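Below is query39.cif, which holds mmCIF, C-alpha atoms.
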```cif
data_protein
#
loop_
_atom_site.group_PDB
_atom_site.id
_atom_site.type_symbol
_atom_site.label_atom_id
_atom_site.label_comp_id
_atom_site.auth_asym_id
_atom_site.auth_seq_id
_atom_site.Cartn_x
_atom_site.Cartn_y
_atom_site.Cartn_z
ATOM 1 C CA MET N 1 26.436 8.880 16.500
ATOM 2 C CA MET N 2 22.887 9.601 15.401
ATOM 3 C CA SER N 3 20.145 8.058 17.533
ATOM 4 C CA PHE N 4 17.616 5.737 15.936
ATOM 5 C CA PHE N 5 14.962 8.431 16.444
ATOM 6 C CA SER N 6 17.149 10.965 14.604
ATOM 7 C CA ILE N 7 17.702 8.566 11.721
ATOM 8 C CA ILE N 8 13.956 7.989 11.401
ATOM 9 C CA SER N 9 13.261 11.743 11.485
ATOM 10 C CA LEU N 10 15.877 12.369 8.769
ATOM 11 C CA LEU N 11 14.460 9.572 6.642
ATOM 12 C CA VAL N 12 10.943 10.964 6.944
ATOM 13 C CA LEU N 13 12.200 14.423 5.942
ATOM 14 C CA LEU N 14 13.998 13.044 2.883
ATOM 15 C CA LEU N 15 10.917 11.119 1.794
ATOM 16 C CA SER N 16 8.742 14.208 2.178
ATOM 17 C CA LEU N 17 11.141 16.285 0.101
ATOM 18 C CA SER N 18 11.452 13.636 -2.596
ATOM 19 C CA SER N 19 7.692 13.412 -2.990
ATOM 20 C CA ALA N 20 7.506 17.168 -3.550
ATOM 21 C CA VAL N 21 9.672 16.971 -6.687
ATOM 22 C CA ILE N 22 7.082 16.206 -9.346
ATOM 23 C CA SER N 23 6.041 17.127 -12.850
ATOM 24 C CA ASP N 24 2.493 18.367 -13.318
ATOM 25 C CA GLY N 25 0.226 17.414 -16.173
ATOM 26 C CA GLU N 26 -3.294 18.415 -17.078
ATOM 27 C CA SER N 27 -4.657 15.120 -15.770
ATOM 28 C CA PHE N 28 -2.856 15.314 -12.407
ATOM 29 C CA GLN N 29 -3.719 17.624 -9.514
ATOM 30 C CA LYS N 30 -1.858 18.185 -6.259
ATOM 31 C CA LEU N 31 -3.796 19.055 -3.098
ATOM 32 C CA PRO N 32 -1.242 20.098 -0.428
ATOM 33 C CA VAL N 33 -2.402 19.314 3.096
ATOM 34 C CA PRO N 34 -2.603 22.331 5.427
ATOM 35 C CA GLU N 35 -1.011 23.319 8.746
ATOM 36 C CA ASN N 36 2.319 21.637 8.065
ATOM 37 C CA ARG N 37 0.641 18.230 8.340
ATOM 38 C CA SER N 38 1.778 15.448 6.030
ATOM 39 C CA GLY N 39 1.053 11.949 4.833
ATOM 40 C CA PRO N 40 -2.534 11.735 3.539
ATOM 41 C CA GLU N 41 -2.246 7.953 3.829
ATOM 42 C CA ALA N 42 -5.743 6.703 2.961
ATOM 43 C CA PHE N 43 -9.065 7.995 1.626
ATOM 44 C CA ALA N 44 -12.756 7.497 2.309
ATOM 45 C CA PHE N 45 -15.823 8.866 0.508
ATOM 46 C CA ASP N 46 -19.198 9.541 2.115
ATOM 47 C CA SER N 47 -22.637 9.113 0.563
ATOM 48 C CA THR N 48 -22.732 12.690 -0.793
ATOM 49 C CA GLY N 49 -19.826 12.006 -3.156
ATOM 50 C CA LYS N 50 -18.705 15.641 -2.952
ATOM 51 C CA GLY N 51 -15.186 15.146 -1.630
ATOM 52 C CA PHE N 52 -12.937 12.878 0.394
ATOM 53 C CA TYR N 53 -11.698 12.269 3.917
ATOM 54 C CA THR N 54 -8.083 11.502 4.800
ATOM 55 C CA GLY N 55 -6.011 10.992 7.931
ATOM 56 C CA VAL N 56 -2.755 12.934 8.313
ATOM 57 C CA SER N 57 0.173 13.217 10.716
ATOM 58 C CA GLY N 58 -0.637 14.713 14.083
ATOM 59 C CA GLY N 59 -3.835 12.720 14.510
ATOM 60 C CA LYS N 60 -6.312 14.708 12.434
ATOM 61 C CA ILE N 61 -8.817 13.501 9.849
ATOM 62 C CA LEU N 62 -9.482 16.133 7.215
ATOM 63 C CA LYS N 63 -12.424 16.534 4.851
ATOM 64 C CA TYR N 64 -11.813 17.994 1.403
ATOM 65 C CA THR N 65 -14.335 19.425 -1.034
ATOM 66 C CA PRO N 66 -13.578 21.605 -4.074
ATOM 67 C CA GLU N 67 -15.742 24.363 -2.589
ATOM 68 C CA THR N 68 -14.153 24.577 0.868
ATOM 69 C CA GLY N 69 -10.763 22.914 0.455
ATOM 70 C CA TYR N 70 -9.514 21.059 3.540
ATOM 71 C CA VAL N 71 -11.405 21.449 6.815
ATOM 72 C CA ASP N 72 -10.957 19.627 10.120
ATOM 73 C CA PHE N 73 -13.440 16.760 10.472
ATOM 74 C CA ALA N 74 -12.188 14.676 13.379
ATOM 75 C CA GLN N 75 -9.249 14.017 15.664
ATOM 76 C CA ILE N 76 -7.986 10.872 17.356
ATOM 77 C CA THR N 77 -7.071 12.465 20.700
ATOM 78 C CA GLU N 78 -7.677 15.751 22.496
ATOM 79 C CA SER N 79 -4.023 16.541 21.834
ATOM 80 C CA SER N 80 -4.480 16.285 18.055
ATOM 81 C CA ASN N 81 -5.541 19.955 17.990
ATOM 82 C CA SER N 82 -2.632 21.132 20.124
ATOM 83 C CA SER N 83 0.473 22.983 19.029
ATOM 84 C CA TRP N 84 2.452 19.871 19.992
ATOM 85 C CA CYS N 85 0.888 17.994 17.088
ATOM 86 C CA ASP N 86 1.029 20.735 14.452
ATOM 87 C CA GLY N 87 3.871 20.260 12.021
ATOM 88 C CA VAL N 88 4.852 16.767 13.142
ATOM 89 C CA THR N 89 5.954 14.456 10.353
ATOM 90 C CA GLY N 90 5.341 10.751 9.930
ATOM 91 C CA THR N 91 4.900 8.956 13.251
ATOM 92 C CA VAL N 92 6.686 11.543 15.416
ATOM 93 C CA LEU N 93 4.583 12.035 18.597
ATOM 94 C CA ALA N 94 2.049 9.539 17.231
ATOM 95 C CA GLY N 95 1.622 8.004 20.674
ATOM 96 C CA ARG N 96 0.352 11.357 21.937
ATOM 97 C CA CYS N 97 -1.305 12.827 18.854
ATOM 98 C CA GLY N 98 -2.457 9.705 17.017
ATOM 99 C CA ARG N 99 -1.693 8.686 13.438
ATOM 100 C CA PRO N 100 -4.731 7.584 11.384
ATOM 101 C CA ALA N 101 -3.753 4.849 8.917
ATOM 102 C CA GLY N 102 -6.625 2.904 7.329
ATOM 103 C CA ILE N 103 -10.071 4.544 7.193
ATOM 104 C CA ALA N 104 -13.429 3.487 5.743
ATOM 105 C CA PHE N 105 -17.110 4.370 6.082
ATOM 106 C CA ASN N 106 -19.948 2.096 7.013
ATOM 107 C CA GLU N 107 -22.110 3.139 4.075
ATOM 108 C CA LYS N 108 -25.367 2.427 5.934
ATOM 109 C CA THR N 109 -24.685 4.185 9.241
ATOM 110 C CA GLY N 110 -22.294 6.907 8.086
ATOM 111 C CA ASP N 111 -19.801 5.993 10.817
ATOM 112 C CA LEU N 112 -16.137 6.337 9.882
ATOM 113 C CA TYR N 113 -13.872 3.575 11.199
ATOM 114 C CA VAL N 114 -10.201 4.337 11.749
ATOM 115 C CA ALA N 115 -7.192 2.083 12.348
ATOM 116 C CA ASP N 116 -4.860 4.426 14.188
ATOM 117 C CA ALA N 117 -1.313 3.077 13.891
ATOM 118 C CA PRO N 118 -0.261 3.298 17.576
ATOM 119 C CA LEU N 119 -3.554 3.976 19.371
ATOM 120 C CA GLY N 120 -5.960 1.284 18.160
ATOM 121 C CA LEU N 121 -9.329 0.925 16.468
ATOM 122 C CA HIS N 122 -11.596 3.988 16.575
ATOM 123 C CA VAL N 123 -14.926 5.169 15.196
ATOM 124 C CA VAL N 124 -16.088 8.680 14.305
ATOM 125 C CA SER N 125 -19.779 9.596 14.133
ATOM 126 C CA PRO N 126 -21.183 11.258 10.984
ATOM 127 C CA ALA N 127 -20.942 14.591 12.826
ATOM 128 C CA GLY N 128 -17.171 14.285 13.246
ATOM 129 C CA GLY N 129 -15.283 15.510 16.302
ATOM 130 C CA LEU N 130 -13.345 13.410 18.777
ATOM 131 C CA ALA N 131 -12.993 9.774 17.741
ATOM 132 C CA VAL N 132 -14.233 7.080 20.119
ATOM 133 C CA LYS N 133 -11.770 4.314 20.897
ATOM 134 C CA ILE N 134 -13.254 0.868 20.328
ATOM 135 C CA THR N 135 -10.230 -1.104 21.477
ATOM 136 C CA ASP N 136 -6.452 -0.954 21.642
ATOM 137 C CA SER N 137 -5.945 -4.677 22.281
ATOM 138 C CA VAL N 138 -7.272 -8.159 21.539
ATOM 139 C CA ASP N 139 -7.267 -11.119 23.918
ATOM 140 C CA GLY N 140 -5.384 -8.972 26.411
ATOM 141 C CA LYS N 141 -2.550 -8.228 23.979
ATOM 142 C CA PRO N 142 -2.090 -4.522 23.065
ATOM 143 C CA PHE N 143 -1.908 -3.588 19.401
ATOM 144 C CA LYS N 144 1.553 -2.410 18.413
ATOM 145 C CA PHE N 145 1.100 -1.128 14.858
ATOM 146 C CA LEU N 146 -2.308 -1.073 13.142
ATOM 147 C CA ASP N 147 -2.399 -0.259 9.441
ATOM 148 C CA GLY N 148 -5.083 -1.255 6.914
ATOM 149 C CA LEU N 149 -8.872 -1.190 7.343
ATOM 150 C CA ASP N 150 -12.017 -1.841 5.335
ATOM 151 C CA VAL N 151 -15.730 -2.278 6.027
ATOM 152 C CA ASP N 152 -17.714 -5.125 4.491
ATOM 153 C CA PRO N 153 -20.313 -3.348 2.311
ATOM 154 C CA THR N 154 -22.802 -6.192 2.835
ATOM 155 C CA THR N 155 -22.632 -6.637 6.621
ATOM 156 C CA GLY N 156 -20.884 -3.610 8.151
ATOM 157 C CA VAL N 157 -18.255 -5.860 9.750
ATOM 158 C CA VAL N 158 -14.875 -4.135 10.039
ATOM 159 C CA TYR N 159 -11.659 -5.854 8.922
ATOM 160 C CA PHE N 160 -8.293 -4.387 9.881
ATOM 161 C CA THR N 161 -4.621 -5.359 10.001
ATOM 162 C CA SER N 162 -1.565 -4.960 12.150
ATOM 163 C CA PHE N 163 1.678 -4.438 10.274
ATOM 164 C CA SER N 164 3.496 -6.004 13.200
ATOM 165 C CA SER N 165 2.655 -7.363 16.647
ATOM 166 C CA ARG N 166 6.236 -6.863 17.801
ATOM 167 C CA PHE N 167 7.318 -3.465 16.505
ATOM 168 C CA THR N 168 5.739 0.003 16.687
ATOM 169 C CA PRO N 169 5.396 2.466 13.773
ATOM 170 C CA ILE N 170 8.596 4.281 14.719
ATOM 171 C CA GLN N 171 10.401 0.924 14.450
ATOM 172 C CA VAL N 172 9.162 0.113 10.946
ATOM 173 C CA LEU N 173 12.672 -0.039 9.468
ATOM 174 C CA ILE N 174 13.648 -2.662 12.024
ATOM 175 C CA ALA N 175 10.544 -4.679 11.181
ATOM 176 C CA LEU N 176 11.404 -4.535 7.474
ATOM 177 C CA GLY N 177 15.067 -5.312 8.010
ATOM 178 C CA LEU N 178 14.263 -8.368 10.125
ATOM 179 C CA LYS N 179 11.451 -9.426 7.769
ATOM 180 C CA ASP N 180 9.112 -9.465 10.721
ATOM 181 C CA ALA N 181 6.195 -11.880 10.282
ATOM 182 C CA THR N 182 3.990 -11.089 13.269
ATOM 183 C CA GLY N 183 1.286 -9.184 11.395
ATOM 184 C CA LYS N 184 -2.373 -10.133 11.803
ATOM 185 C CA LEU N 185 -5.812 -9.749 10.231
ATOM 186 C CA PHE N 186 -8.656 -8.901 12.616
ATOM 187 C CA LYS N 187 -12.432 -8.741 12.427
ATOM 188 C CA TYR N 188 -14.597 -6.373 14.477
ATOM 189 C CA ASP N 189 -18.337 -7.003 14.524
ATOM 190 C CA PRO N 190 -20.207 -3.835 15.611
ATOM 191 C CA SER N 191 -23.290 -5.898 16.512
ATOM 192 C CA THR N 192 -21.409 -7.966 19.109
ATOM 193 C CA LYS N 193 -18.535 -5.529 19.778
ATOM 194 C CA VAL N 194 -16.132 -8.475 19.595
ATOM 195 C CA VAL N 195 -12.685 -8.439 17.945
ATOM 196 C CA THR N 196 -11.469 -11.741 16.476
ATOM 197 C CA VAL N 197 -8.053 -12.714 15.109
ATOM 198 C CA LEU N 198 -8.500 -14.268 11.650
ATOM 199 C CA MET N 199 -4.927 -14.612 10.376
ATOM 200 C CA GLU N 200 -1.487 -14.562 12.006
ATOM 201 C CA GLY N 201 2.108 -14.784 10.830
ATOM 202 C CA LEU N 202 1.724 -12.112 8.167
ATOM 203 C CA SER N 203 4.773 -10.224 6.924
ATOM 204 C CA GLY N 204 4.038 -6.503 6.878
ATOM 205 C CA SER N 205 0.251 -6.741 6.526
ATOM 206 C CA ALA N 206 -0.248 -3.188 5.327
ATOM 207 C CA GLY N 207 -3.700 -3.142 3.740
ATOM 208 C CA CYS N 208 -6.937 -5.043 3.356
ATOM 209 C CA ALA N 209 -10.027 -4.861 1.149
ATOM 210 C CA VAL N 210 -13.326 -6.732 1.209
ATOM 211 C CA SER N 211 -14.839 -7.867 -2.084
ATOM 212 C CA SER N 212 -18.021 -6.114 -3.190
ATOM 213 C CA ASP N 213 -20.115 -9.231 -2.481
ATOM 214 C CA GLY N 214 -18.522 -9.771 0.926
ATOM 215 C CA SER N 215 -17.226 -13.232 0.049
ATOM 216 C CA PHE N 216 -13.542 -12.592 0.793
ATOM 217 C CA VAL N 217 -11.026 -10.082 2.091
ATOM 218 C CA LEU N 218 -7.621 -9.430 0.536
ATOM 219 C CA VAL N 219 -4.603 -8.774 2.760
ATOM 220 C CA SER N 220 -1.327 -7.334 1.476
ATOM 221 C CA GLN N 221 2.053 -8.526 2.728
ATOM 222 C CA PHE N 222 4.350 -5.607 2.009
ATOM 223 C CA THR N 223 7.542 -7.370 3.036
ATOM 224 C CA LYS N 224 6.881 -10.513 0.994
ATOM 225 C CA SER N 225 5.431 -8.804 -2.116
ATOM 226 C CA ASN N 226 2.397 -11.021 -1.705
ATOM 227 C CA ILE N 227 -1.366 -10.645 -1.331
ATOM 228 C CA LYS N 228 -3.416 -13.252 0.543
ATOM 229 C CA ARG N 229 -7.120 -13.984 0.194
ATOM 230 C CA TYR N 230 -9.134 -14.900 3.301
ATOM 231 C CA TRP N 231 -12.528 -16.438 2.531
ATOM 232 C CA ILE N 232 -15.429 -14.985 4.538
ATOM 233 C CA LYS N 233 -18.259 -16.990 2.956
ATOM 234 C CA GLY N 234 -18.721 -20.072 0.814
ATOM 235 C CA PRO N 235 -17.189 -23.563 0.920
ATOM 236 C CA LYS N 236 -13.722 -22.166 1.731
ATOM 237 C CA ALA N 237 -14.943 -19.891 4.556
ATOM 238 C CA GLY N 238 -12.316 -19.498 7.271
ATOM 239 C CA SER N 239 -9.417 -20.541 5.038
ATOM 240 C CA SER N 240 -6.771 -18.471 3.264
ATOM 241 C CA GLU N 241 -4.704 -18.798 0.095
ATOM 242 C CA ASP N 242 -2.201 -16.882 -2.009
ATOM 243 C CA PHE N 243 -4.016 -14.375 -4.214
ATOM 244 C CA THR N 244 -1.085 -12.963 -6.207
ATOM 245 C CA ASN N 245 2.695 -12.555 -6.063
ATOM 246 C CA SER N 246 2.715 -10.191 -9.049
ATOM 247 C CA VAL N 247 2.555 -6.862 -7.169
ATOM 248 C CA SER N 248 5.805 -5.521 -5.719
ATOM 249 C CA ASN N 249 5.598 -4.449 -2.067
ATOM 250 C CA PRO N 250 1.826 -3.933 -1.974
ATOM 251 C CA ASP N 251 0.408 -1.431 0.509
ATOM 252 C CA ASN N 252 -3.286 -0.517 0.678
ATOM 253 C CA ILE N 253 -5.810 -2.361 -1.484
ATOM 254 C CA LYS N 254 -9.120 -0.768 -2.511
ATOM 255 C CA ARG N 255 -12.036 -2.358 -4.328
ATOM 256 C CA ILE N 256 -13.328 -0.599 -7.437
ATOM 257 C CA GLY N 257 -17.079 -0.411 -6.842
ATOM 258 C CA SER N 258 -18.846 -3.622 -7.846
ATOM 259 C CA THR N 259 -16.518 -4.391 -10.771
ATOM 260 C CA GLY N 260 -14.709 -7.173 -8.912
ATOM 261 C CA ASN N 261 -11.394 -5.401 -9.510
ATOM 262 C CA PHE N 262 -9.011 -3.735 -7.050
ATOM 263 C CA TRP N 263 -6.341 -1.017 -7.048
ATOM 264 C CA VAL N 264 -3.117 -1.717 -5.165
ATOM 265 C CA ALA N 265 -0.498 0.870 -4.175
ATOM 266 C CA SER N 266 2.922 -0.554 -5.059
ATOM 267 C CA VAL N 267 6.605 0.375 -4.775
ATOM 268 C CA VAL N 268 9.946 -1.351 -5.150
ATOM 269 C CA ASN N 269 11.215 -1.264 -1.580
ATOM 270 C CA LYS N 270 14.905 -0.447 -1.144
ATOM 271 C CA ILE N 271 14.654 -0.080 2.669
ATOM 272 C CA VAL N 272 16.149 3.417 2.692
ATOM 273 C CA VAL N 273 14.028 4.974 -0.068
ATOM 274 C CA PRO N 274 11.176 3.117 -1.797
ATOM 275 C CA THR N 275 11.359 3.547 -5.577
ATOM 276 C CA ASN N 276 9.136 3.308 -8.636
ATOM 277 C CA PRO N 277 5.713 3.961 -7.084
ATOM 278 C CA SER N 278 2.832 2.696 -9.188
ATOM 279 C CA ALA N 279 -0.883 1.938 -9.202
ATOM 280 C CA VAL N 280 -1.646 -1.677 -10.059
ATOM 281 C CA LYS N 281 -5.123 -2.908 -10.994
ATOM 282 C CA VAL N 282 -5.901 -6.581 -10.388
ATOM 283 C CA ASN N 283 -9.017 -8.656 -10.970
ATOM 284 C CA SER N 284 -10.691 -11.106 -8.591
ATOM 285 C CA ASN N 285 -8.393 -13.881 -9.802
ATOM 286 C CA GLY N 286 -5.248 -11.937 -8.929
ATOM 287 C CA ASP N 287 -4.349 -11.175 -12.558
ATOM 288 C CA VAL N 288 -2.708 -7.795 -13.213
ATOM 289 C CA LEU N 289 -4.899 -5.794 -15.595
ATOM 290 C CA GLN N 290 -3.084 -2.446 -15.621
ATOM 291 C CA THR N 291 -0.045 -0.714 -14.159
ATOM 292 C CA ILE N 292 0.239 3.084 -13.988
ATOM 293 C CA PRO N 293 3.771 4.378 -13.174
ATOM 294 C CA LEU N 294 3.618 7.343 -10.786
ATOM 295 C CA LYS N 295 7.258 8.310 -10.375
ATOM 296 C CA ASP N 296 6.840 11.440 -12.493
ATOM 297 C CA GLN N 297 4.094 12.658 -10.154
ATOM 298 C CA PHE N 298 5.456 11.503 -6.794
ATOM 299 C CA GLY N 299 9.185 10.911 -7.153
ATOM 300 C CA ASP N 300 10.625 8.059 -5.097
ATOM 301 C CA THR N 301 8.363 7.797 -2.068
ATOM 302 C CA LEU N 302 6.230 5.285 -0.235
ATOM 303 C CA LEU N 303 2.907 5.235 -2.067
ATOM 304 C CA SER N 304 0.277 4.152 0.448
ATOM 305 C CA GLU N 305 -3.073 4.064 -1.375
ATOM 306 C CA VAL N 306 -4.746 4.282 -4.769
ATOM 307 C CA ASN N 307 -8.505 4.725 -4.504
ATOM 308 C CA GLU N 308 -10.770 5.135 -7.547
ATOM 309 C CA PHE N 309 -13.809 7.410 -7.282
ATOM 310 C CA ASP N 310 -15.906 9.075 -9.969
ATOM 311 C CA GLY N 311 -13.399 8.619 -12.786
ATOM 312 C CA SER N 312 -10.276 9.648 -10.879
ATOM 313 C CA LEU N 313 -7.605 7.989 -8.778
ATOM 314 C CA TYR N 314 -7.010 9.470 -5.335
ATOM 315 C CA ILE N 315 -3.410 8.737 -4.382
ATOM 316 C CA GLY N 316 -1.852 8.949 -0.944
ATOM 317 C CA THR N 317 1.634 8.643 0.544
ATOM 318 C CA LEU N 318 2.971 7.827 3.983
ATOM 319 C CA THR N 319 4.936 11.048 4.444
ATOM 320 C CA GLY N 320 4.318 13.268 1.402
ATOM 321 C CA PRO N 321 2.947 16.829 1.680
ATOM 322 C CA PHE N 322 0.006 16.452 -0.720
ATOM 323 C CA ALA N 323 -2.787 14.195 -1.920
ATOM 324 C CA GLY N 324 -2.777 13.474 -5.657
ATOM 325 C CA ILE N 325 -5.738 13.160 -8.024
ATOM 326 C CA LEU N 326 -5.188 11.527 -11.392
ATOM 327 C CA LYS N 327 -7.993 11.642 -13.938
ATOM 328 C CA LEU N 328 -8.455 8.375 -15.779
#
```
Whole structure, structure tokens version:
Amino acid sequence: MMSFFSIISLLVLLLSLSSAVISDGESFQKLPVPENRSGPEAFAFDSTGKGFYTGVSGGKILKYTPETGYVDFAQITESSNSSWCDGVTGTVLAGRCGRPAGIAFNEKTGDLYVADAPLGLHVVSPAGGLAVKITDSVDGKPFKFLDGLDVDPTTGVVYFTSFSSRFTPIQVLIALGLKDATGKLFKYDPSTKVVTVLMEGLSGSAGCAVSSDGSFVLVSQFTKSNIKRYWIKGPKAGSSEDFTNSVSNPDNIKRIGSTGNFWVASVVNKIVVPTNPSAVKVNSNGDVLQTIPLKDQFGDTLLSEVNEFDGSLYIGTLTGPFAGILKL
């Protein structure tokens, strides 16, 4: 009998291989991640606009520019640079190496905030290097499985999610199979250094995104194929509502500048292998404006993020070996 750990490792390998079977076009570019790392899950862009940052397996955050390619920018733990963490796939050894999930810059300070899946909320200075842990618990309860993160562009407040408060990243299939609904939305205020729970009872809260005016934050529920809106300001402040049920198994959500629109990474989840990855654009009312199928570029794999910058979509996966850039 195969152990649960062996099954997870085999699944991760199959997903990585499936995402490598693609067809290239002039508008699509693959950027394979180096050193046998995998899973460029999310992207962030600094004020220079010359490249992107992404977290990968083994606990590293890489910086990419066309001139230099990928270079090491930061690491979650001291072990992230060790041979133990080179070549690990998915969440294998994540408790030792780290596994950066959601990342976003505070545009005013240049600090990079990181939701590391098993190891908690971190921040990296503009100079890079070893990340500083902000917290790995709230109200005395340890985080089990952090996922999405965004920074309010108007206040610098950090919003982040836990996929589950019961299961760890290596147990994600169990969480999905049981339709776990212990996910949460948190707020971290750098001025007070206090973490607050804003929403509970979420089902696979994979991603979050703050609106450009800071009035609300969207939270995806991967398991329920639902996106919630939590109001930060205005007459509905402190309340939440359904935003849309029109996006299948939504993962990360990213705002598109000040347009009021958002990109959502979407798949059709089949538990064993997610299928039909796509980029879905929605407006501030939750209406679907555009859907871009991405199966030809990525195969059947878990698409984790679609992030628009300077006329291109930067596309990440949970376990794939490359980051994708699609010119619009």
### Query
Could you spell out the hits of the PyMOL selection byres ((chain N and resi 80) around 10) on the shown file, as a count of residues only?
23
### Message
My list of candidates is N:Phe45, N:Ser165, N:Val132, N:Pro32. Which is closest to N:Glu308 when distances are computed with all atoms listed in the file?
### Response
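Checking each candidate against N:Glu308, we get N:Phe45 as the closest.
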### Task
Considering all atoms listed in the file, return as a ChimeraX atom specification whatever protein or nucleic-acid residues lie within 12 Å of N:Leu149, sequence-local ones (same chain, fewer than 3 positions apart) excluded.
/N:41-44,100-106,112-117,120-123,146,152,157-163,184-188,205-210,217-220,251-254,305
### Query
Which is closest to N:Leu328 among N:Gly55, N:Ala279, N:Thr301, N:Ser164, if we use all atoms listed in the file?
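Of all the options, N:Ala279 lies closest to N:Leu328.
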#### Entry: Atom pair atom CA of N:Thr223 / atom CA of N:Gly204: separation (Å)
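Separation of atom CA of N:Thr223 and atom CA of N:Gly204: 5.3 Å.
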### Query
Skipping near chain neighbours, those fewer than 5 positions away, what residues fall within 12 Å of N:Gly177 using all atoms listed in the file, listed as a PyMOL selection string?
chain N and resi 167+171-172+203-204+223-224+269-272
### Message
Which residues would end up in the selection if the PyMOL selection byres ((chain N and resi 318) around 10) were applied here, given that I need the answer as a list in words?
### Response
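When the PyMOL selection byres ((chain N and resi 318) around 10) is applied, the selected residues are Val12, Leu15, Ser16, Ser38, Gly39, Pro40, Glu41, Ala42, Val56, Ser57, Thr89, Gly90, Thr91, Ala101, Thr301, Leu302, Leu303, Ser304, Glu305, Gly316, Thr317, Thr319, Gly320 and Pro321 of chain N.
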Pull C-alpha atoms from the residues just selected and write them as a compact mmCIF listing (two decimals), in the frame of the given file.
```txt
# COMPACT_ATOMS: atom_id res chain seq x y z
CA VAL N 12 10.94 10.96 6.94
CA LEU N 15 10.92 11.12 1.79
CA SER N 16 8.74 14.21 2.18
CA SER N 38 1.78 15.45 6.03
CA GLY N 39 1.05 11.95 4.83
CA PRO N 40 -2.53 11.74 3.54
CA GLU N 41 -2.25 7.95 3.83
CA ALA N 42 -5.74 6.70 2.96
CA VAL N 56 -2.76 12.93 8.31
CA SER N 57 0.17 13.22 10.72
CA THR N 89 5.95 14.46 10.35
CA GLY N 90 5.34 10.75 9.93
CA THR N 91 4.90 8.96 13.25
CA ALA N 101 -3.75 4.85 8.92
CA THR N 301 8.36 7.80 -2.07
CA LEU N 302 6.23 5.28 -0.24
CA LEU N 303 2.91 5.24 -2.07
CA SER N 304 0.28 4.15 0.45
CA GLU N 305 -3.07 4.06 -1.38
CA GLY N 316 -1.85 8.95 -0.94
CA THR N 317 1.63 8.64 0.54
CA THR N 319 4.94 11.05 4.44
CA GLY N 320 4.32 13.27 1.40
CA PRO N 321 2.95 16.83 1.68
```
### Task
Please evaluate the PyMOL selection byres ((chain N and resi 284) around 12) against the structure above and give the resulting residues as a PyMOL selection string.
chain N and resi 209-213+215-218+227-229+243-244+255-256+258-263+281-283+285-289
### Query
Of the residues N:Asp180, N:Asp310, N:Asp242, N:Asp136, which is the one nearest to N:Phe52, using only C-alpha atoms?
N:Asp310
### Task
Can you work out the spacing between atom CA of N:Asp189 and atom CA of N:Asp147 in Å, to one decimal?
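Distance between the two atoms: 18.0 Å.
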Give me the box for stretch 316-326 of chain N as JSON, namely the centre and edge lengths in Å to one decimal of a box along x, y and z that holds every listed atom plus 3 Å on each side.
```
{"center_x": -0.4, "center_y": 12.3, "center_z": -3.5, "size_x": 16.7, "size_y": 15.0, "size_z": 21.8}
```
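Take atom CA of N:Asn245 and atom CA of N:Leu173: the distance between them is 22.3 Å.
Point (8.6, 1.6, -4.7) has the following residues at most 9 Å away: Ser248, Asn249, Ser266, Val267, Val268, Asn269, Lys270, Val273, Pro274, Thr275, Asn276, Pro277, Ser278, Lys295, Asp300, Thr301, Leu302 and Leu303 of chain N (atoms considered: all atoms listed in the file).
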### Message
The residues within 6 Å of (-2.5, 16.7, -2.0), using all atoms listed in the file and the coordinates of the file, should be reported as an MDAnalysis selection string; which are they?
### Response
chainID N and resid 30:33 322:324
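With distances taken over all atoms listed in the file, N:Pro34 is the one residue among N:Pro34, N:Gly299, N:Gly87, N:Asp111 lying closest to N:Tyr64.
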